[in-house]
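J.: Got a structure here, written out as structure tokens. Questions coming.
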Amino acid sequence: MRSTTSIGYLWTVLLFTSVPTRIGSGIFQCTGFSLSSDLIRPGPSISPFKIIKELKKSQTKEDLLVSKWFTEEAGILGTSRTCLSTTAKSVGGRGLFWVGIEPAFQGDVLAFIPSKCVITASNLQTEFPGLEGMQESDSAWQAKMTALASHCLDSSGKDYMNRVQWIESWRGGGPSCPQPSEFYSTEELNQLAEMAKSTVDLVREKIDERYNTYKRDFKDMKKQKYYDGDAVTFGDMYSIVVSRTACLGPTWGNKRGIIPMHDFINHHPPSGKSN
């Protein structure tokens with residue numbers, strides 16, 4: 001028996017749990033439905049229509065603009081059964097919710113996402129000659145994703161997919177530019193150590209490791225002329241893209257990319273395994 005989410009009892013954030021596979025003429029098929037910590041437990045007495053109304057009421061102007069971009073610019077199919085909403089019901093502030101009237105089963109197709117709108121080197125270097133050669137370079141994927149997303153922002157009006165509307169929604173309340181451990185107070189380091197169930201010394205070591213990696217990647221992108229902005233702006237985007245990037249799977253040579261809609265769900269940072 002397939003697992004299901006009961007309408008009127010349990011609402012949850014949409015999760016694409018299986019590999020985004022490329023089908024037909026460049027379409028990502030993202031399947032799967034799974035529970036996460038972002039769930040609403042209204043109880044059996046509360047109408048699902050009331051929940052949908054609440055989610056739509058809490059939508060900000062930016063939520064509506066991004067939702068419009070999903071449909072009109074990106075050409076994503078399946079958006080009528082989802083709701084992008086900034087609400088306390090999402091641990092991330094802005095969350096993507098399943099609001100289909102029918103229950104969603106694990107393995108069901110939830111959305112069809114054109115591969116052309118994915119932020120990846122192979123897509124953007126054909127649009128922007130200045131990015132030529134990035135896909136084949138040995139640069140870290142974090143650096144590439146940061147440069148690509150930044151390029152879309154700086155190329156407003158030139159990017160035929162107009163990804164700027166989507167990317168702008170990543171900012172606000174998220175992680176900021178990496179800083180060395182000396183930037184953190186003793187209290188902050190202790191809190192991080194407690195959260196990670198680790199020692200302060202190890203936390204300090206990992207913070208400095210991340211900071212040094214960021215500095216290396218920034219210098220690499222500047223040297224190869226893939227990025228011409230300042231270090232702080234690069235660092236802010238660098239911190240954001242890490243949690244939004246997915247491994248695109250064997251069809252794409254296990255390259256990394258940022259997939260619209262998929263980036264609003266909770267998933268682990270990419271490794272060599274498709275997510």
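Numbering starts fresh at 1 for the residues of each chain in the structure tokens, the chains themselves are lettered A, B, ... in the order given, and ligands are numbered from 1 as they appear.
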As number ranges by chain, please: the residues near Ser139 in chain A (cut-off 12 Å, only C-alpha atoms, same-chain neighbours under 5 positions excluded).
T.: A: 121, 133-134, 144-147, 213-214, 216-224, 226
J.: Please report the interatomic distance between CA of Pro178 in chain A and CA of Asp208 in chain A in Å with one decimal.
T.: 8.9 Å
J.: For Val118 in chain A, work out the shell of residues within 10 Å, counting only C-alpha atoms and skipping chain neighbours fewer than 2 positions away, then give it as a PyMOL selection string.
T.: chain A and resi 28+74+113-116+120-124+161+163+248+256-260
J.: Select, from A:Lys197, A:Arg171, A:Lys68, A:Arg204, the residue with the minimum atom-to-atom distance to Ser185 in chain A, counting only C-alpha atoms.
T.: A:Arg204
J.: Select, from A:Gln142, A:Gln165, A:Ser198, A:Thr251, the residue with the minimum atom-to-atom distance to Phe234 in chain A, counting only C-alpha atoms.
T.: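 Checking each candidate against Phe234 in chain A, we get A:Gln142 as the closest.
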J.: I need the residues in range 33-188 of chain A that are strand (DSSP E) according to DSSP; give them as an MDAnalysis selection string.
T.: chainID A and resid 39:40 82:86 94:98 109:114
J.: What separation in Å, quoted to one decimal, exists between CA of Leu84 in chain A and CA of Lys56 in chain A?
T.: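 According to the coordinates, CA of Leu84 in chain A and CA of Lys56 in chain A are separated by 8.3 Å.
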J.: As a PyMOL selection string, please: the residues near Leu55 in chain A (cut-off 8 Å, only C-alpha atoms, same-chain neighbours under 2 positions excluded).
T.: chain A and resi 51-53+57-59+83+85+87
J.: So what do you get for CA of Leu153 in chain A versus CA of Asp263 in chain A, distance-wise?
T.: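 If I compute the distance from CA of Leu153 in chain A to CA of Asp263 in chain A, I get 16.9 Å.
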J.: Write down as a PyMOL selection string the residues of range 32-195 of chain A whose backbone DSSP state falls under helix (DSSP H, G or I).
T.: chain A and resi 48-57+61-73+79-81+115-117+121-127+129-131+141-154+164-168+181-183+186-195
